[in-house]
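Working notes for the structure below.
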Amino acid sequence: MQQQGSKSGSEMEVTWEDQQNINTFSRLNNRFHDLDDEIKSAKEKCDNLEDAGNELILADEEMVRFQIGEVFAHLPRDEVETRIEDMKEATCKSLEKLEEEKVSIVSQMSALKKVLYAKFKDSINLEED
C-alpha cells in the first residue's frame, strides 16, 4: 500500500521490494550469527579430535575405551585411530563448508546494505551494536 499526500523529510515510502530486501537481510543476519556458533563448535570438535588422536599415539594399551553414543566400548587401538581420523576429516570438511557459507552470507549482506542504504540513507540501521 502506498502512502499518499506530502512526505516530510524523514518519511520514506517502503515498497514491497524494499521490505523483501529488509526481510532477506534479517534472515541472512540471523544465519550469520548461527554460523558463528556452528563454526566455533566445529573448531572445538576438530581440536578435541586432534587432541584425542595425539593422546592415542601416546597410549600403551592395545585395547582402548571409545565412546559410542553414551556407551564406552573397548576397541582395538588401530580401529579407534581410524575412527578418530575419519571423524576429524568429516568435521574439518563440515567446518570448511560452514566458513564458505559465512563468506557467501557476508557478501550477500554487503550487497543488500548498499541497496538499502542507497535508498534509506540514515533512516535505516543495519549495523550491529
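In the C-alpha cells, the first chain shown is A, the next is B, and so on; residue numbers restart at 1 for each chain, and ligands run from 1 in the order shown.
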Contacts of range 96-113 of chain A within 7 Å, only C-alpha atoms, excl. fewer than 3 positions in-chain, as a PDB file with all heavy atoms, in the first residue's frame:
```pdb
ATOM      1  N   ASN A  21      13.831  -7.010   0.682  1.00  0.00           N
ATOM      2  CA  ASN A  21      15.278  -6.862   0.908  1.00  0.00           C
ATOM      3  C   ASN A  21      15.586  -6.789   2.402  1.00  0.00           C
ATOM      4  O   ASN A  21      16.557  -7.398   2.869  1.00  0.00           O
ATOM      5  CB  ASN A  21      15.811  -5.613   0.204  1.00  0.00           C
ATOM      6  CG  ASN A  21      15.948  -5.803  -1.287  1.00  0.00           C
ATOM      7  OD1 ASN A  21      16.041  -6.919  -1.776  1.00  0.00           O
ATOM      8  ND2 ASN A  21      15.953  -4.704  -2.022  1.00  0.00           N
ATOM      9  N   PHE A  25      17.755  -9.513   4.416  1.00  0.00           N
ATOM     10  CA  PHE A  25      18.908  -9.107   5.223  1.00  0.00           C
ATOM     11  C   PHE A  25      18.775  -9.664   6.642  1.00  0.00           C
ATOM     12  O   PHE A  25      19.742 -10.182   7.205  1.00  0.00           O
ATOM     13  CB  PHE A  25      19.034  -7.579   5.259  1.00  0.00           C
ATOM     14  CG  PHE A  25      20.246  -7.118   6.014  1.00  0.00           C
ATOM     15  CD1 PHE A  25      21.457  -6.979   5.379  1.00  0.00           C
ATOM     16  CD2 PHE A  25      20.176  -6.856   7.378  1.00  0.00           C
ATOM     17  CE1 PHE A  25      22.592  -6.579   6.078  1.00  0.00           C
ATOM     18  CE2 PHE A  25      21.298  -6.456   8.085  1.00  0.00           C
ATOM     19  CZ  PHE A  25      22.511  -6.318   7.429  1.00  0.00           C
ATOM     20  N   LEU A  28      19.475 -13.384   6.658  1.00  0.00           N
ATOM     21  CA  LEU A  28      20.916 -13.604   6.477  1.00  0.00           C
ATOM     22  C   LEU A  28      21.681 -13.266   7.749  1.00  0.00           C
ATOM     23  O   LEU A  28      22.620 -13.980   8.119  1.00  0.00           O
ATOM     24  CB  LEU A  28      21.447 -12.760   5.311  1.00  0.00           C
ATOM     25  CG  LEU A  28      21.024 -13.204   3.913  1.00  0.00           C
ATOM     26  CD1 LEU A  28      21.431 -12.160   2.885  1.00  0.00           C
ATOM     27  CD2 LEU A  28      21.616 -14.559   3.565  1.00  0.00           C
ATOM     28  N   PHE A  32      23.957 -15.730   9.830  1.00  0.00           N
ATOM     29  CA  PHE A  32      25.345 -15.343  10.092  1.00  0.00           C
ATOM     30  C   PHE A  32      25.704 -15.635  11.552  1.00  0.00           C
ATOM     31  O   PHE A  32      26.754 -16.214  11.841  1.00  0.00           O
ATOM     32  CB  PHE A  32      25.516 -13.852   9.773  1.00  0.00           C
ATOM     33  CG  PHE A  32      26.868 -13.303  10.129  1.00  0.00           C
ATOM     34  CD1 PHE A  32      27.946 -13.470   9.284  1.00  0.00           C
ATOM     35  CD2 PHE A  32      27.060 -12.607  11.311  1.00  0.00           C
ATOM     36  CE1 PHE A  32      29.198 -12.946   9.599  1.00  0.00           C
ATOM     37  CE2 PHE A  32      28.298 -12.091  11.643  1.00  0.00           C
ATOM     38  CZ  PHE A  32      29.376 -12.262  10.786  1.00  0.00           C
ATOM     39  N   LEU A  35      25.813 -19.342  12.192  1.00  0.00           N
ATOM     40  CA  LEU A  35      27.052 -19.892  11.638  1.00  0.00           C
ATOM     41  C   LEU A  35      28.229 -19.638  12.557  1.00  0.00           C
ATOM     42  O   LEU A  35      29.090 -20.511  12.700  1.00  0.00           O
ATOM     43  CB  LEU A  35      27.340 -19.297  10.259  1.00  0.00           C
ATOM     44  CG  LEU A  35      26.583 -19.917   9.093  1.00  0.00           C
ATOM     45  CD1 LEU A  35      26.789 -19.087   7.835  1.00  0.00           C
ATOM     46  CD2 LEU A  35      27.011 -21.346   8.860  1.00  0.00           C
ATOM     47  N   ILE A  39      30.446 -22.663  13.694  1.00  0.00           N
ATOM     48  CA  ILE A  39      31.882 -22.670  13.372  1.00  0.00           C
ATOM     49  C   ILE A  39      32.701 -22.830  14.641  1.00  0.00           C
ATOM     50  O   ILE A  39      33.655 -23.623  14.685  1.00  0.00           O
ATOM     51  CB  ILE A  39      32.275 -21.394  12.593  1.00  0.00           C
ATOM     52  CG1 ILE A  39      31.726 -21.473  11.167  1.00  0.00           C
ATOM     53  CG2 ILE A  39      33.780 -21.180  12.597  1.00  0.00           C
ATOM     54  CD1 ILE A  39      31.841 -20.175  10.376  1.00  0.00           C
ATOM     55  N   CYS A  92      36.299 -31.407   9.838  1.00  0.00           N
ATOM     56  CA  CYS A  92      37.043 -30.337   9.155  1.00  0.00           C
ATOM     57  C   CYS A  92      36.388 -29.970   7.824  1.00  0.00           C
ATOM     58  O   CYS A  92      36.345 -28.790   7.459  1.00  0.00           O
ATOM     59  CB  CYS A  92      38.498 -30.733   8.957  1.00  0.00           C
ATOM     60  SG  CYS A  92      39.409 -30.761  10.526  1.00  0.00           S
ATOM     61  N   LYS A  93      35.852 -30.963   7.099  1.00  0.00           N
ATOM     62  CA  LYS A  93      35.133 -30.669   5.852  1.00  0.00           C
ATOM     63  C   LYS A  93      33.877 -29.862   6.152  1.00  0.00           C
ATOM     64  O   LYS A  93      33.547 -28.919   5.431  1.00  0.00           O
ATOM     65  CB  LYS A  93      34.768 -31.962   5.119  1.00  0.00           C
ATOM     66  CG  LYS A  93      35.912 -32.571   4.362  1.00  0.00           C
ATOM     67  CD  LYS A  93      35.493 -33.796   3.593  1.00  0.00           C
ATOM     68  CE  LYS A  93      36.671 -34.425   2.887  1.00  0.00           C
ATOM     69  NZ  LYS A  93      36.310 -35.657   2.192  1.00  0.00           N
ATOM     70  N   LEU A 116      20.013  -0.936   0.376  1.00  0.00           N
ATOM     71  CA  LEU A 116      19.134  -0.343   1.385  1.00  0.00           C
ATOM     72  C   LEU A 116      19.637   1.026   1.857  1.00  0.00           C
ATOM     73  O   LEU A 116      18.847   1.959   2.019  1.00  0.00           O
ATOM     74  CB  LEU A 116      18.960  -1.304   2.556  1.00  0.00           C
ATOM     75  CG  LEU A 116      18.173  -2.581   2.218  1.00  0.00           C
ATOM     76  CD1 LEU A 116      18.299  -3.608   3.338  1.00  0.00           C
ATOM     77  CD2 LEU A 116      16.716  -2.259   1.946  1.00  0.00           C
ATOM     78  N   TYR A 117      20.939   1.166   2.065  1.00  0.00           N
ATOM     79  CA  TYR A 117      21.479   2.465   2.485  1.00  0.00           C
ATOM     80  C   TYR A 117      21.353   3.497   1.356  1.00  0.00           C
ATOM     81  O   TYR A 117      21.170   4.682   1.622  1.00  0.00           O
ATOM     82  CB  TYR A 117      22.932   2.363   2.943  1.00  0.00           C
ATOM     83  CG  TYR A 117      23.087   1.888   4.376  1.00  0.00           C
ATOM     84  CD1 TYR A 117      23.975   0.878   4.710  1.00  0.00           C
ATOM     85  CD2 TYR A 117      22.351   2.467   5.397  1.00  0.00           C
ATOM     86  CE1 TYR A 117      24.124   0.454   6.018  1.00  0.00           C
ATOM     87  CE2 TYR A 117      22.489   2.052   6.712  1.00  0.00           C
ATOM     88  CZ  TYR A 117      23.380   1.039   7.018  1.00  0.00           C
ATOM     89  OH  TYR A 117      23.511   0.626   8.308  1.00  0.00           O
TER      90      TYR A 117
END
```
* Residue list (strand (DSSP E or B), DSSP) for chain A, as JSON, numbers by chain -> {"A": [63, 64, 65, 66, 67, 68, 71, 72, 73, 74, 75, 76]}
Would you save the residues from that selection as a PDB file, in the first residue's frame, using N, CA and C atoms?
```
ATOM      1  N   MET A  63      43.971 -52.235  23.534  1.00  0.00           N
ATOM      2  CA  MET A  63      42.520 -52.032  23.574  1.00  0.00           C
ATOM      3  C   MET A  63      42.275 -50.731  24.335  1.00  0.00           C
ATOM      4  N   VAL A  64      41.493 -49.850  23.744  1.00  0.00           N
ATOM      5  CA  VAL A  64      41.196 -48.569  24.387  1.00  0.00           C
ATOM      6  C   VAL A  64      39.688 -48.364  24.460  1.00  0.00           C
ATOM      7  N   ARG A  65      39.295 -47.553  25.432  1.00  0.00           N
ATOM      8  CA  ARG A  65      37.868 -47.235  25.563  1.00  0.00           C
ATOM      9  C   ARG A  65      37.511 -46.170  24.543  1.00  0.00           C
ATOM     10  N   PHE A  66      36.406 -46.396  23.841  1.00  0.00           N
ATOM     11  CA  PHE A  66      35.939 -45.458  22.821  1.00  0.00           C
ATOM     12  C   PHE A  66      34.455 -45.225  23.046  1.00  0.00           C
ATOM     13  N   GLN A  67      34.069 -43.972  23.109  1.00  0.00           N
ATOM     14  CA  GLN A  67      32.670 -43.655  23.383  1.00  0.00           C
ATOM     15  C   GLN A  67      31.864 -43.718  22.096  1.00  0.00           C
ATOM     16  N   ILE A  68      30.800 -44.511  22.148  1.00  0.00           N
ATOM     17  CA  ILE A  68      29.857 -44.627  21.042  1.00  0.00           C
ATOM     18  C   ILE A  68      28.494 -44.259  21.621  1.00  0.00           C
ATOM     19  N   VAL A  71      27.735 -44.846  25.486  1.00  0.00           N
ATOM     20  CA  VAL A  71      28.356 -46.063  25.999  1.00  0.00           C
ATOM     21  C   VAL A  71      29.837 -46.080  25.601  1.00  0.00           C
ATOM     22  N   PHE A  72      30.657 -46.596  26.516  1.00  0.00           N
ATOM     23  CA  PHE A  72      32.062 -46.791  26.194  1.00  0.00           C
ATOM     24  C   PHE A  72      32.275 -48.246  25.812  1.00  0.00           C
ATOM     25  N   ALA A  73      32.986 -48.466  24.711  1.00  0.00           N
ATOM     26  CA  ALA A  73      33.292 -49.823  24.263  1.00  0.00           C
ATOM     27  C   ALA A  73      34.808 -49.959  24.193  1.00  0.00           C
ATOM     28  N   HIS A  74      35.289 -51.162  24.448  1.00  0.00           N
ATOM     29  CA  HIS A  74      36.720 -51.440  24.306  1.00  0.00           C
ATOM     30  C   HIS A  74      36.963 -51.887  22.868  1.00  0.00           C
ATOM     31  N   LEU A  75      37.797 -51.129  22.173  1.00  0.00           N
ATOM     32  CA  LEU A  75      38.095 -51.409  20.766  1.00  0.00           C
ATOM     33  C   LEU A  75      39.600 -51.445  20.572  1.00  0.00           C
ATOM     34  N   PRO A  76      40.046 -52.147  19.528  1.00  0.00           N
ATOM     35  CA  PRO A  76      41.476 -52.144  19.213  1.00  0.00           C
ATOM     36  C   PRO A  76      41.947 -50.720  18.891  1.00  0.00           C
TER      37      PRO A  76
END
```
* Asked: Any idea what the distance is between CA of Asn54 in chain A and CA of Glu89 in chain A?
  -> 14.9 Å
* Asked: Can you tell me how far CA of Asn48 in chain A sits from CA of Asp36 in chain A, in Å to one decimal?
  ->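 Computing the Euclidean distance for CA of Asn48 in chain A and CA of Asp36 in chain A yields 18.3 Å.
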* To do: Tell me, as a list of chain:residue names, which residues lie within 12 Å of Leu49 in chain A, counting only C-alpha atoms; anything in the same chain fewer than 4 positions away does not count.
  =>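 Counting only the stated atoms, we get A:Ala42, A:Lys43, A:Glu44, A:Lys45, A:Gly53, A:Asn54, A:Glu55, A:Leu56, A:Val80, A:Glu81, A:Thr82, A:Arg83, A:Ile84, A:Glu85, A:Asp86, A:Met87, A:Lys88, A:Glu89, A:Ala90, A:Thr91, A:Cys92.
Coordinates place CA of Ser94 in chain A at a distance of 28.4 Å from CA of Ala59 in chain A.
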* From a DSSP pass on the backbone, collect the residues of range 19-88 of chain A flagged as helix (DSSP H, G or I) and hand them back as a ChimeraX atom specification. => /A:19-58,77-88
* With distances taken over only C-alpha atoms, which of A:Asp47, A:Glu62, A:Glu127, A:Glu17 is nearest to Asn29 in chain A? ->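 Among the listed residues, the smallest separation from Asn29 in chain A belongs to A:Glu127.
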